[in-house]
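Below is entry.txt, holding compact mmCIF, C-alpha atoms.
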```
# COMPACT_ATOMS: atom_id res chain seq x y z
CA MET A 2 -2.24 -2.37 -18.51
CA MET A 3 -1.51 0.73 -16.42
CA HIS A 4 1.31 2.17 -14.38
CA LEU A 5 1.56 1.11 -10.75
CA ASP A 6 1.32 4.73 -9.54
CA THR A 7 -2.17 4.89 -11.01
CA VAL A 8 -3.40 2.52 -8.29
CA PHE A 9 -0.68 2.61 -5.62
CA THR A 10 1.66 5.38 -4.47
CA MET A 11 4.03 5.61 -1.51
CA ILE A 12 3.45 8.97 0.22
CA ASN A 13 5.38 8.57 3.46
CA TYR A 14 7.88 6.13 4.91
CA ASP A 15 5.02 3.95 6.15
CA GLN A 16 1.96 5.19 4.26
CA CYS A 17 0.66 4.49 0.76
CA THR A 18 -2.44 5.29 -1.24
CA VAL A 19 -4.10 2.27 -2.79
CA HIS A 20 -7.08 1.81 -5.06
CA PRO A 21 -9.04 -0.71 -2.96
CA PHE A 22 -10.32 -2.71 -5.91
CA ILE A 23 -6.86 -3.94 -6.95
CA LEU A 24 -7.10 -6.22 -3.92
CA ASP A 25 -9.44 -9.20 -3.86
CA LYS A 26 -12.21 -9.55 -1.27
CA SER A 27 -9.78 -10.98 1.28
CA GLY A 28 -7.32 -8.12 0.72
CA LYS A 29 -4.89 -10.15 -1.40
CA ILE A 30 -3.13 -9.31 -4.67
CA ASP A 31 -0.70 -11.14 -6.95
CA ILE A 32 2.83 -9.95 -6.16
CA TYR A 33 6.06 -11.22 -7.67
CA VAL A 34 9.19 -10.53 -5.64
CA LEU A 35 12.35 -10.58 -7.76
CA GLU A 36 15.66 -11.10 -5.99
CA GLN A 37 19.13 -11.92 -7.22
CA ASP A 38 20.69 -15.01 -5.66
CA ASP A 39 24.39 -15.58 -4.85
CA HIS A 40 25.00 -16.81 -8.42
CA GLY A 41 23.49 -13.73 -10.08
CA GLU A 42 20.31 -15.57 -11.07
CA ILE A 43 16.94 -13.92 -10.60
CA LYS A 44 14.69 -15.74 -8.15
CA ILE A 45 10.96 -15.03 -8.46
CA THR A 46 8.81 -15.57 -5.39
CA PRO A 47 5.01 -15.26 -5.71
CA GLU A 48 3.28 -13.54 -2.79
CA THR A 49 -0.28 -12.39 -2.13
CA ASP A 50 -0.16 -10.40 1.13
CA LEU A 51 0.62 -6.79 0.20
CA ILE A 52 0.92 -5.58 3.79
CA LYS A 53 3.26 -8.42 4.75
CA VAL A 54 5.48 -7.83 1.71
CA LEU A 55 5.65 -4.07 2.28
CA LYS A 56 6.44 -4.47 5.97
CA ASN A 57 9.13 -7.04 5.20
CA TYR A 58 10.94 -5.20 2.41
CA LEU A 59 10.55 -1.72 3.91
CA HIS A 60 11.60 -3.03 7.35
CA LEU A 61 8.49 -1.65 9.07
CA SER A 62 6.42 -2.91 11.96
CA GLU A 63 3.26 -1.28 10.54
CA ILE A 64 2.09 0.08 7.19
CA ASP A 65 -0.88 2.39 6.60
CA LEU A 66 -2.73 1.73 3.34
CA ILE A 67 -5.06 4.64 2.62
CA SER A 68 -7.88 3.61 0.27
CA THR A 69 -8.82 5.87 -2.61
CA GLY A 70 -12.32 7.20 -2.04
CA GLY A 71 -12.28 5.66 1.42
CA GLY A 72 -12.99 2.27 -0.16
CA ASP A 73 -16.57 3.36 -0.86
CA ALA A 74 -18.22 1.46 -3.74
CA ILE A 75 -19.12 4.72 -5.52
CA ALA A 76 -16.45 7.20 -4.38
CA ALA A 77 -13.48 4.86 -4.92
CA PRO A 78 -14.02 4.22 -8.66
CA ARG A 79 -15.03 7.85 -9.27
CA GLU A 80 -11.94 9.22 -7.56
CA GLN A 81 -9.74 6.57 -9.15
CA TRP A 82 -10.96 7.73 -12.57
CA ASN A 83 -9.72 11.18 -11.51
CA ASP A 84 -6.33 9.75 -10.44
CA GLY A 85 -7.08 9.70 -6.72
CA SER A 86 -4.18 7.33 -5.99
CA ASN A 87 -1.77 9.20 -8.26
CA THR A 88 -0.58 11.62 -5.60
CA LEU A 89 2.73 13.46 -5.85
CA ALA A 90 4.76 13.14 -2.65
CA ILE A 91 6.88 16.29 -2.39
CA ALA A 92 8.19 15.26 1.03
CA PRO A 93 7.42 12.36 3.37
CA GLY A 94 3.83 12.93 4.48
CA GLU A 95 3.25 15.90 2.13
CA VAL A 96 1.44 15.49 -1.18
CA VAL A 97 -0.04 17.32 -4.15
CA THR A 98 -3.46 16.05 -5.27
CA TYR A 99 -6.35 17.04 -7.52
CA ASP A 100 -9.02 19.07 -5.73
CA ARG A 101 -11.83 16.99 -7.24
CA ASN A 102 -10.85 13.95 -5.13
CA TYR A 103 -12.35 15.41 -1.99
CA VAL A 104 -13.12 12.08 -0.27
CA SER A 105 -9.54 10.84 -0.70
CA ASN A 106 -8.08 14.24 0.23
CA ASP A 107 -10.09 14.37 3.46
CA LEU A 108 -9.01 10.82 4.28
CA LEU A 109 -5.35 11.68 3.65
CA ARG A 110 -5.66 14.60 6.09
CA LYS A 111 -7.26 12.31 8.69
CA HIS A 112 -4.17 10.09 8.36
CA GLY A 113 -1.89 13.05 9.11
CA ILE A 114 -0.86 13.85 5.53
CA LEU A 115 -0.36 17.50 4.52
CA VAL A 116 -2.39 17.87 1.30
CA HIS A 117 -1.90 20.61 -1.31
CA GLU A 118 -4.85 20.57 -3.71
CA ILE A 119 -4.55 21.87 -7.26
CA HIS A 120 -7.39 22.70 -9.65
CA SER A 121 -7.90 19.80 -11.96
CA SER A 122 -10.69 20.61 -14.38
CA GLU A 123 -8.30 20.85 -17.35
CA LEU A 124 -5.30 18.81 -16.14
CA SER A 125 -7.34 15.67 -15.51
CA ARG A 126 -8.60 15.66 -19.10
CA GLY A 127 -5.14 14.49 -20.16
CA ARG A 128 -5.49 11.35 -18.01
CA GLY A 129 -2.78 11.53 -15.46
CA GLY A 130 -2.51 12.62 -11.87
CA PRO A 131 -0.05 15.00 -10.23
CA ARG A 132 2.59 12.28 -9.94
CA CYS A 133 2.35 11.41 -13.64
CA MET A 134 2.64 15.07 -14.58
CA SER A 135 5.88 15.68 -12.70
CA TYR A 136 9.55 15.06 -13.32
CA PRO A 137 12.35 15.43 -10.78
CA LEU A 138 15.02 17.95 -11.73
CA VAL A 139 17.24 17.15 -8.76
CA ARG A 140 16.99 14.22 -6.41
CA GLU A 141 18.45 13.98 -2.95
CA ASP A 142 20.42 10.83 -2.15
CA LEU A 143 18.67 8.59 0.38
```
Starting from the file, lay out its structure as structure tokens.
Amino acid sequence: MMHLDTVFTMINYDQCTVHPFILDKSGKIDIYVLEQDDHGEIKITPETDLIKVLKNYLHLSEIDLISTGGGDAIAAPREQWNDGSNTLAIAPGEVVTYDRNYVSNDLLRKHGILVHEIHSSELSRGRGGPRCMSYPLVREDL
């Protein structure tokens, strides 16, 4: 078991990084939507369409899923091992990433994301990306 931000991170209002191999060949994934009904009971609804669920619950007409390693069969697992999806969003559309994930970083830039790369030769040994290695001191109300 791993944390969600290891394979999926929201980096803008309508953009997310995603490790492509968490989705099946048709782009589906097991999702369980939990909602409280009028009686305070939790209702669980199974879903499989990640894009549809995100668009619905984020109230968006479009969502941009940016694949770690560009979805490449070699680059995606390699960059995922180096926490390519574990990006730290410091503002909508602005992230901190490891420099070793050059395929993902280039792809983020092509999608209009401002990328700040940090050296990762020692940090990545601890198994955790920039998002895992951060902690908010102050948070702004949304």
Where's the centre, and what are the edge lengths in Å to one decimal, of a box along x, y and z enclosing all listed atoms of region 80-92 of chain A padded 5 Å per side, as AutoDock Vina command-line options?
```
--center_x -1.9 --center_y 11.4 --center_z -5.8 --size_x 30.1 --size_y 19.7 --size_z 23.6
```
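By all atoms listed in the file, and with residues fewer than 2 positions from region 58-66 of chain A along its chain excluded, the set lying at most 7 Å from it is Asp15, Gln16, Cys17, Thr18, Val19, Ile52, Val54, Leu55, Lys56 and Ser68 of chain A.
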Can I get the selection written as a compact mmCIF listing (two decimals), in the coordinates of the input, with C-alpha atoms?
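The result, written out as selection_19.txt:
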```
# COMPACT_ATOMS: atom_id res chain seq x y z
CA ASP A 15 5.02 3.95 6.15
CA GLN A 16 1.96 5.19 4.26
CA CYS A 17 0.66 4.49 0.76
CA THR A 18 -2.44 5.29 -1.24
CA VAL A 19 -4.10 2.27 -2.79
CA ILE A 52 0.92 -5.58 3.79
CA VAL A 54 5.48 -7.83 1.71
CA LEU A 55 5.65 -4.07 2.28
CA LYS A 56 6.44 -4.47 5.97
CA SER A 68 -7.88 3.61 0.27
```
Distance query Gln81 (chain A) at most 7 Å, only C-alpha atoms, self and fewer than 4 positions along chain excluded, as a list in words: His20, Thr69, Ala77, Gly85 and Ser86 of chain A
For Asn13 (chain A), the nearest of the candidates A:Asn83, A:Gln37, A:Asn57, A:Thr88, counting only C-alpha atoms: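 Closest candidate: A:Thr88.
Note that CA of Gly94 (chain A) and CA of His112 (chain A) are 9.3 Å apart.
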CA of Pro21 (chain A) to CA of Gly71 (chain A), distance in Å rounded to a single decimal: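 Interatomic distance here is 8.4 Å.
Using all atoms listed in the file, the nearest neighbour of Thr49 (chain A) within the list A:Asp31, A:Trp82, A:Gly70, A:Glu36 is A:Asp31.
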Here is a test: counting only C-alpha atoms, which residue of A:Val97, A:Ile45, A:Ala92, A:Ile12 is nearest to Gly130 (chain A)? A:Val97
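Taking only C-alpha atoms into account, Pro78 (chain A) lies nearest to A:Phe22 out of the set A:Phe22, A:Tyr33, A:Tyr14, A:Phe9.
Of the listed residues (A:Val8, A:Leu89, A:Leu115, A:Ala74), A:Val8 comes nearest to Ile23 (chain A); the distances count all atoms listed in the file.
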Using only C-alpha atoms, which of A:His4, A:Lys44, A:Arg101, A:Lys29 sits nearest Glu118 (chain A)? A:Arg101
How many Å lie between CA of Gly28 (chain A) and CA of Leu51 (chain A), rounded to one decimal? 8.1 Å
Could you pull out every residue with an atom within 10 Å of (-5.5, 16.2, -7.8), file coordinates, counting only C-alpha atoms, and send them as an NGL selection string? :A and (80 or 83-89 or 96-103 or 105-106 or 116-122 or 124-125 or 129-132)
